[in-house]
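The block underneath contains the structure these notes are about, expressed in structure tokens.
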Amino acid sequence: MVSRREFIQSVPVGALALAAGGTAWAAPTGKPIPVEKVVALAGDGIPSRAIHYPGQLEAALQGDTDIGDAYLHEGAVGKLEARFAAMLGKEDAVFMPTGTMANQVALRILCGERRHLLLQKESHVYRDEEDATPVLSGINPVPLDGGTDEALVASAEAAFNQRGEDPYPVEIGAISIESPVRRLDGSCVDLAVIQRLSELARRNGTGMHLDGARLLLMSGQAGFDPRTYAAPFDTVYVSLYKYLGAPFGAILAGDKARMERARHVRHIFGGTLYHGWPAALPALRHLDGFTERFAKVRAAGEALLKRLDTVPGIRVERVPRASNIAILRLDDSVAAGLGERAHKADIALGGAQDGRLPIAFNETLLRRPVEAIAAVFPA
């Protein structure tokens with residue numbers, strides 16, 4: 001399991017510098033790696049510098065003048081909402097300025113007056129949103145054991161069974177599932193487990209929310225389809241900036257009635273921006289062909305892991321139901337000087353701790369032959 005601090009430390013410096021104007025990656029020694037050349041084995045998306053953003057927006061326009069939105073109505077925002085609604089098989093979708101707001105709006109709507117929420121104890125909503133559910137909506141989180149395994153179902157069943165044991169029953173308004181789970185190295189919840197949780201929720205009149213910030217990183221998994229995966233959920237959140245090229249933003253999808261309510265709650269929470277098109281436009285462009293491209297990333301990542309598993313001093317640990325992360329266990333002989341070797345080849349790595357190096361696959365993996373990437377690892 002990776003902590004929030006470890007996660008931030010594992011992301012290359014250039015990826016963290018965007019808000020301040022961006023830099024090329026800091027190197028162990030020598031010149032920085034230009035972001036347009038780097039193969040980044042950390043992070044979910046293609047790194048960029050703020051100085052390049054105007055050019056990226058201009059390229060995204062491609063002569064389309066119907067992009068402007070007013071308070072998140074119509075324009076590129078409206079197009080993006082329609083695109084995600086169709087992709088996820090939902091009636092409607094709503095642009096949100098942040099993923100935290102998307103989660104909190106959805107859970108407020110689903111729970112209503114039933115003031116308890118079941119969610120994984122490793123989830124972003126429980127660990128990384130500053131007690132937002134009780135503070136903003138008076139909703140009490142009930143953390144579940146099980147992570148991404150079948151044990152989630154037993155944990156949820158136990159929580160529902162507890163309702164009848166006390167004179168003041170715990171009324172459960174929603175089950176929130178994060179998948180992939182960042183704090184579990186991008187492990188995903190199997191669809192069969194989700195369907196069992198959905199059946200349990202339906203029997204109890206409980207809503208289902210998917211924190212699918214990194215949902216599309218499952219592209220290329222056997223049998224994965226966004227619409228099918230999203231079907232058991234009443235509401236689904238997907239991030240726009242983690243790997244779709246936007247500077248900020250999120251999408252929340254669901255039925256029309258809930259999404260109309262979501263627009264109202266978004267305004268209450270202060271999230272109705274005057275313009276959202278600078279985020280919606282690049283996300284629209286990057287969404288074109290993303291699932292196909294990421295399937296190629298997954299195949300290249302698998303090829304790289306197979307090569308690395310044959311290198312003396314490296315042991316590959318697979319993440320159960322992995323999205324885009326694997327763990328390398330490095331002997332000291334391999335770890336020594338690895339950062340320098342990678343830097344010389346324009347490859348950026350996160351930091352290893354006690355011989356444990358998480359590597360993440362993104363579209364930069366397609367910039368170089370797998371053989372050339374693997375060649376930097378042997379001592």
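By order of appearance in the structure tokens: chains A, B, ..., then residues from 1 within every chain, and ligands from 1 in the order shown.
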
How close does range 198-236 of chain A get to range 110-133 of chain A? List, as JSON lines, each residue of range 198-236 of chain A within 8 Å, its nearest atom pair and the distance in Å to one decimal, counting only C-alpha atoms.
```
{"residue": "A:Thr206", "atom": "CA", "partner": "A:Cys111", "partner_atom": "CA", "distance": 7.9}
{"residue": "A:Gly207", "atom": "CA", "partner": "A:Leu110", "partner_atom": "CA", "distance": 5.5}
{"residue": "A:Met208", "atom": "CA", "partner": "A:Leu110", "partner_atom": "CA", "distance": 7.7}
```

Give me, as a Markdown table, the closest atom pair and its distance (Å, one decimal) for every residue of range 191-267 of chain A within a cut-off of 9 Å of range 62-84 of chain A, counting only C-alpha atoms, rows sorted by chain and rising number.
```
| residue | atom | partner | partner_atom | distance |
| --- | --- | --- | --- | --- |
| A:Val238 | CA | A:Phe84 | CA | 8.9 |
| A:Ile251 | CA | A:Glu81 | CA | 7.2 |
| A:Leu252 | CA | A:Glu81 | CA | 8.6 |
| A:Ala253 | CA | A:Phe84 | CA | 7.4 |
```

Who sits within 12 Å of Arg261 in chain A, only C-alpha atoms, same chain under 6 positions skipped, as an MDAnalysis selection string: chainID A and resid 92:94 105:110 112 252:255 267:268

Top pick for closest residue to Phe290 in chain A, considering A:Ile139, A:Gly45, A:Ala379, A:Leu330 and counting only C-alpha atoms: A:Gly45

Which residues of range 222-272 of chain A come within 12 Å of range 323-326 of chain A, and for each one, what is the closest pair of atoms and their distance in Å to one decimal, counting only C-alpha atoms, sorted by chain and residue number, as a Markdown table?
```
| residue | atom | partner | partner_atom | distance |
| --- | --- | --- | --- | --- |
| A:Ala222 | CA | A:Ser323 | CA | 11.4 |
| A:Phe224 | CA | A:Ser323 | CA | 11.1 |
| A:Tyr243 | CA | A:Asn324 | CA | 11.6 |
```

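The nearest approach to Pro378 in chain A among the residues A:Arg307, A:Arg163, A:Arg196, A:Lys37, with only C-alpha atoms taken into account, belongs to A:Arg307.
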
Shell around Leu184 in chain A at 9 Å using only C-alpha atoms, local window under 3 positions removed, as a list in words: Met1, Val2, Glu122, Gly147, Thr148, Pro180, Val181, Ser187, Cys188 and Val319 of chain A

Output of the above residues as a short mmCIF file (atom, residue, chain, number, x, y, z; two decimals), in the first residue's frame, restricted to N, CA and C atoms:
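Written out: result.cif:
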```cif
data_model
loop_
_atom_site.label_atom_id
_atom_site.label_comp_id
_atom_site.auth_asym_id
_atom_site.auth_seq_id
_atom_site.Cartn_x
_atom_site.Cartn_y
_atom_site.Cartn_z
N MET A 1 0.84 -1.19 0.00
CA MET A 1 0.00 0.00 0.00
C MET A 1 0.88 1.24 0.00
N VAL A 2 0.52 2.24 -0.80
CA VAL A 2 1.31 3.46 -0.89
C VAL A 2 0.59 4.60 -0.17
N GLU A 122 -9.33 2.24 2.32
CA GLU A 122 -8.21 2.82 1.57
C GLU A 122 -8.65 3.88 0.57
N GLY A 147 -10.46 -4.08 0.62
CA GLY A 147 -9.70 -3.48 -0.48
C GLY A 147 -10.39 -3.59 -1.80
N THR A 148 -9.84 -4.44 -2.67
CA THR A 148 -10.45 -4.69 -3.98
C THR A 148 -10.84 -6.16 -4.13
N PRO A 180 -9.81 2.12 -10.24
CA PRO A 180 -8.70 1.56 -9.48
C PRO A 180 -8.45 2.33 -8.18
N VAL A 181 -7.80 1.67 -7.20
CA VAL A 181 -7.52 2.26 -5.90
C VAL A 181 -6.07 2.71 -5.85
N SER A 187 -4.81 -1.22 -7.90
CA SER A 187 -5.61 -2.45 -8.00
C SER A 187 -7.07 -2.10 -8.28
N CYS A 188 -7.73 -2.95 -9.06
CA CYS A 188 -9.12 -2.71 -9.48
C CYS A 188 -10.06 -3.72 -8.83
N VAL A 319 0.59 -6.38 -9.27
CA VAL A 319 -0.51 -5.87 -8.46
C VAL A 319 -1.76 -6.66 -8.83
#
```
